[in-house]
Amino acid sequence: MKRVIIFFNLGPAEVVNMMDGVTTVGRKYPNGKEIKLQIMSAGFPSLTGDAKVVHVASDRTLSSNEIWDASNRLL
């Protein structure tokens, strides 16, 4: 299982648990339009040499700061 942070429709980020082989997350806009969000991995290296990998799915372009802040808050 992997935890995926979902950024959707300008709402607050949420975390869902997904099976390891799953590559998309389905969501529906208020107008009824359905969309499949691609699950991506974002890596954050640290000074100690280890790295933190965060799985995200989004319907918009995200900055690394948005992902980092959400991962610290939600994971």
# chains A, B, ... in the order shown; residues from 1 in each chain; ligands from 1
call {"tool": "residues_around", "arguments": {"residues": "Glu66 of chain A", "least_positions_apart": "2", "cutoff": "12 Å", "atoms": "only C-alpha atoms", "output": "PyMOL selection string"}}
result
chain A and resi 5-7+12-13+42+54+56+58+60-64+68-74
call {"tool": "residues_around", "arguments": {"residues": "Asn17 of chain A", "least_positions_apart": "5", "cutoff": "9 Å", "atoms": "only C-alpha atoms", "output": "ChimeraX atom specification"}}
result
/A:1-4
call {"tool": "write_last_selection", "arguments": {"atoms": "C-alpha atoms", "output": "compact mmCIF listing (two decimals), in the first residue's frame"}}
result
# COMPACT_ATOMS: atom_id res chain seq x y z
CA MET A 1 0.00 0.00 0.00
CA LYS A 2 1.10 3.55 -0.66
CA ARG A 3 -0.28 6.79 0.67
CA VAL A 4 -1.12 9.32 -2.05
call {"tool": "atom_distance", "arguments": {"atom1": "atom CA of Val53 of chain A", "atom2": "atom CA of Met18 of chain A"}}
result
15.1 Å
call {"tool": "residues_around", "arguments": {"residues": "Asn9 of chain A", "least_positions_apart": "6", "cutoff": "12 Å", "atoms": "only C-alpha atoms", "output": "list in words"}}
result
Arg27, Lys28, Tyr29, Pro30, Asn31, Lys33, Glu34, Ile35, Leu37, Ala57, Ser58, Asp59, Arg60 and Thr61 of chain A
call {"tool": "closest_residue", "arguments": {"among": "A:His55, A:Val25, A:Leu10, A:Met19", "to": "Ile67 of chain A", "atoms": "only C-alpha atoms"}}
result
A:His55
call {"tool": "select_by_dssp", "arguments": {"residues": "chain A", "states": "strand (DSSP E or B)", "output": "ChimeraX atom specification"}}
result
/A:2-7,14-18,24-28,34-38,40-45,51-58
call {"tool": "decode", "arguments": {"residues": "segment 8-40 of chain A", "atoms": "N, CA, C and O atoms", "output": "mmCIF file, in the first residue's frame"}}
result
data_model
loop_
_atom_site.group_PDB
_atom_site.id
_atom_site.type_symbol
_atom_site.label_atom_id
_atom_site.label_comp_id
_atom_site.auth_asym_id
_atom_site.auth_seq_id
_atom_site.Cartn_x
_atom_site.Cartn_y
_atom_site.Cartn_z
ATOM 1 N N PHE A 8 -7.005 18.355 -5.546
ATOM 2 C CA PHE A 8 -8.064 18.328 -6.545
ATOM 3 C C PHE A 8 -8.999 19.518 -6.395
ATOM 4 O O PHE A 8 -9.455 19.830 -5.289
ATOM 5 N N ASN A 9 -9.300 20.162 -7.499
ATOM 6 C CA ASN A 9 -10.325 21.199 -7.593
ATOM 7 C C ASN A 9 -10.142 22.330 -6.588
ATOM 8 O O ASN A 9 -11.097 22.839 -6.023
ATOM 9 N N LEU A 10 -8.911 22.718 -6.349
ATOM 10 C CA LEU A 10 -8.555 23.814 -5.437
ATOM 11 C C LEU A 10 -9.005 23.586 -3.998
ATOM 12 O O LEU A 10 -8.969 24.493 -3.180
ATOM 13 N N GLY A 11 -9.428 22.354 -3.687
ATOM 14 C CA GLY A 11 -9.802 22.015 -2.310
ATOM 15 C C GLY A 11 -8.565 21.678 -1.498
ATOM 16 O O GLY A 11 -7.445 21.628 -2.015
ATOM 17 N N PRO A 12 -8.750 21.423 -0.207
ATOM 18 C CA PRO A 12 -7.605 21.038 0.618
ATOM 19 C C PRO A 12 -7.071 19.668 0.192
ATOM 20 O O PRO A 12 -7.825 18.814 -0.291
ATOM 21 N N ALA A 13 -5.787 19.478 0.353
ATOM 22 C CA ALA A 13 -5.170 18.195 0.010
ATOM 23 C C ALA A 13 -5.718 17.109 0.924
ATOM 24 O O ALA A 13 -6.041 17.356 2.094
ATOM 25 N N GLU A 14 -5.838 15.889 0.378
ATOM 26 C CA GLU A 14 -6.290 14.750 1.169
ATOM 27 C C GLU A 14 -5.393 13.560 0.873
ATOM 28 O O GLU A 14 -4.739 13.503 -0.155
ATOM 29 N N VAL A 15 -5.355 12.607 1.802
ATOM 30 C CA VAL A 15 -4.532 11.418 1.643
ATOM 31 C C VAL A 15 -5.439 10.209 1.473
ATOM 32 O O VAL A 15 -6.429 10.066 2.198
ATOM 33 N N VAL A 16 -5.106 9.361 0.488
ATOM 34 C CA VAL A 16 -5.815 8.096 0.301
ATOM 35 C C VAL A 16 -4.775 6.972 0.240
ATOM 36 O O VAL A 16 -3.652 7.186 -0.202
ATOM 37 N N ASN A 17 -5.155 5.804 0.692
ATOM 38 C CA ASN A 17 -4.304 4.624 0.594
ATOM 39 C C ASN A 17 -4.633 3.897 -0.695
ATOM 40 O O ASN A 17 -5.805 3.640 -0.979
ATOM 41 N N MET A 18 -3.599 3.588 -1.482
ATOM 42 C CA MET A 18 -3.771 2.930 -2.774
ATOM 43 C C MET A 18 -2.888 1.684 -2.823
ATOM 44 O O MET A 18 -1.832 1.647 -2.193
ATOM 45 N N MET A 19 -3.313 0.701 -3.591
ATOM 46 C CA MET A 19 -2.493 -0.480 -3.824
ATOM 47 C C MET A 19 -1.251 -0.049 -4.606
ATOM 48 O O MET A 19 -1.307 0.890 -5.398
ATOM 49 N N ASP A 20 -0.154 -0.779 -4.443
ATOM 50 C CA ASP A 20 1.114 -0.391 -5.068
ATOM 51 C C ASP A 20 1.053 -0.326 -6.587
ATOM 52 O O ASP A 20 1.671 0.516 -7.190
ATOM 53 N N GLY A 21 0.302 -1.181 -7.257
ATOM 54 C CA GLY A 21 0.276 -1.199 -8.716
ATOM 55 C C GLY A 21 -0.630 -0.167 -9.359
ATOM 56 O O GLY A 21 -0.598 0.022 -10.576
ATOM 57 N N VAL A 22 -1.432 0.538 -8.586
ATOM 58 C CA VAL A 22 -2.382 1.517 -9.124
ATOM 59 C C VAL A 22 -1.629 2.768 -9.569
ATOM 60 O O VAL A 22 -0.773 3.278 -8.843
ATOM 61 N N THR A 23 -1.955 3.273 -10.773
ATOM 62 C CA THR A 23 -1.238 4.433 -11.311
ATOM 63 C C THR A 23 -2.106 5.674 -11.498
ATOM 64 O O THR A 23 -1.597 6.733 -11.836
ATOM 65 N N THR A 24 -3.432 5.555 -11.323
ATOM 66 C CA THR A 24 -4.326 6.707 -11.455
ATOM 67 C C THR A 24 -5.359 6.709 -10.334
ATOM 68 O O THR A 24 -5.646 5.677 -9.731
ATOM 69 N N VAL A 25 -5.924 7.888 -10.100
ATOM 70 C CA VAL A 25 -6.987 8.074 -9.118
ATOM 71 C C VAL A 25 -8.130 8.781 -9.822
ATOM 72 O O VAL A 25 -7.908 9.803 -10.475
ATOM 73 N N GLY A 26 -9.331 8.279 -9.703
ATOM 74 C CA GLY A 26 -10.487 8.915 -10.326
ATOM 75 C C GLY A 26 -11.137 9.932 -9.400
ATOM 76 O O GLY A 26 -11.256 9.709 -8.207
ATOM 77 N N ARG A 27 -11.555 11.032 -9.958
ATOM 78 C CA ARG A 27 -12.270 12.078 -9.219
ATOM 79 C C ARG A 27 -13.338 12.664 -10.129
ATOM 80 O O ARG A 27 -13.277 12.564 -11.350
ATOM 81 N N LYS A 28 -14.331 13.328 -9.525
ATOM 82 C CA LYS A 28 -15.421 13.930 -10.286
ATOM 83 C C LYS A 28 -15.580 15.385 -9.864
ATOM 84 O O LYS A 28 -15.686 15.699 -8.675
ATOM 85 N N TYR A 29 -15.590 16.285 -10.869
ATOM 86 C CA TYR A 29 -15.820 17.707 -10.618
ATOM 87 C C TYR A 29 -17.298 17.937 -10.275
ATOM 88 O O TYR A 29 -18.154 17.107 -10.604
ATOM 89 N N PRO A 30 -17.629 19.067 -9.638
ATOM 90 C CA PRO A 30 -19.026 19.358 -9.295
ATOM 91 C C PRO A 30 -19.964 19.361 -10.502
ATOM 92 O O PRO A 30 -21.158 19.056 -10.358
ATOM 93 N N ASN A 31 -19.447 19.667 -11.691
ATOM 94 C CA ASN A 31 -20.305 19.682 -12.876
ATOM 95 C C ASN A 31 -20.545 18.289 -13.455
ATOM 96 O O ASN A 31 -21.207 18.136 -14.477
ATOM 97 N N GLY A 32 -19.970 17.260 -12.817
ATOM 98 C CA GLY A 32 -20.185 15.885 -13.246
ATOM 99 C C GLY A 32 -19.072 15.303 -14.103
ATOM 100 O O GLY A 32 -19.054 14.103 -14.348
ATOM 101 N N LYS A 33 -18.160 16.129 -14.576
ATOM 102 C CA LYS A 33 -17.066 15.645 -15.408
ATOM 103 C C LYS A 33 -16.117 14.785 -14.570
ATOM 104 O O LYS A 33 -15.690 15.187 -13.489
ATOM 105 N N GLU A 34 -15.806 13.595 -15.090
ATOM 106 C CA GLU A 34 -14.885 12.701 -14.395
ATOM 107 C C GLU A 34 -13.487 12.836 -14.979
ATOM 108 O O GLU A 34 -13.317 13.094 -16.168
ATOM 109 N N ILE A 35 -12.486 12.656 -14.122
ATOM 110 C CA ILE A 35 -11.090 12.792 -14.539
ATOM 111 C C ILE A 35 -10.271 11.713 -13.840
ATOM 112 O O ILE A 35 -10.590 11.306 -12.721
ATOM 113 N N LYS A 36 -9.239 11.250 -14.518
ATOM 114 C CA LYS A 36 -8.271 10.320 -13.941
ATOM 115 C C LYS A 36 -6.988 11.099 -13.677
ATOM 116 O O LYS A 36 -6.408 11.691 -14.592
ATOM 117 N N LEU A 37 -6.549 11.121 -12.438
ATOM 118 C CA LEU A 37 -5.330 11.828 -12.060
ATOM 119 C C LEU A 37 -4.172 10.845 -12.003
ATOM 120 O O LEU A 37 -4.273 9.796 -11.353
ATOM 121 N N GLN A 38 -3.088 11.158 -12.670
ATOM 122 C CA GLN A 38 -1.892 10.313 -12.685
ATOM 123 C C GLN A 38 -1.186 10.403 -11.334
ATOM 124 O O GLN A 38 -0.986 11.502 -10.800
ATOM 125 N N ILE A 39 -0.812 9.268 -10.758
ATOM 126 C CA ILE A 39 -0.044 9.253 -9.516
ATOM 127 C C ILE A 39 1.428 9.409 -9.871
ATOM 128 O O ILE A 39 1.967 8.666 -10.690
ATOM 129 N N MET A 40 2.068 10.391 -9.259
ATOM 130 C CA MET A 40 3.480 10.680 -9.510
ATOM 131 C C MET A 40 4.249 10.594 -8.191
ATOM 132 O O MET A 40 3.652 10.665 -7.121
#
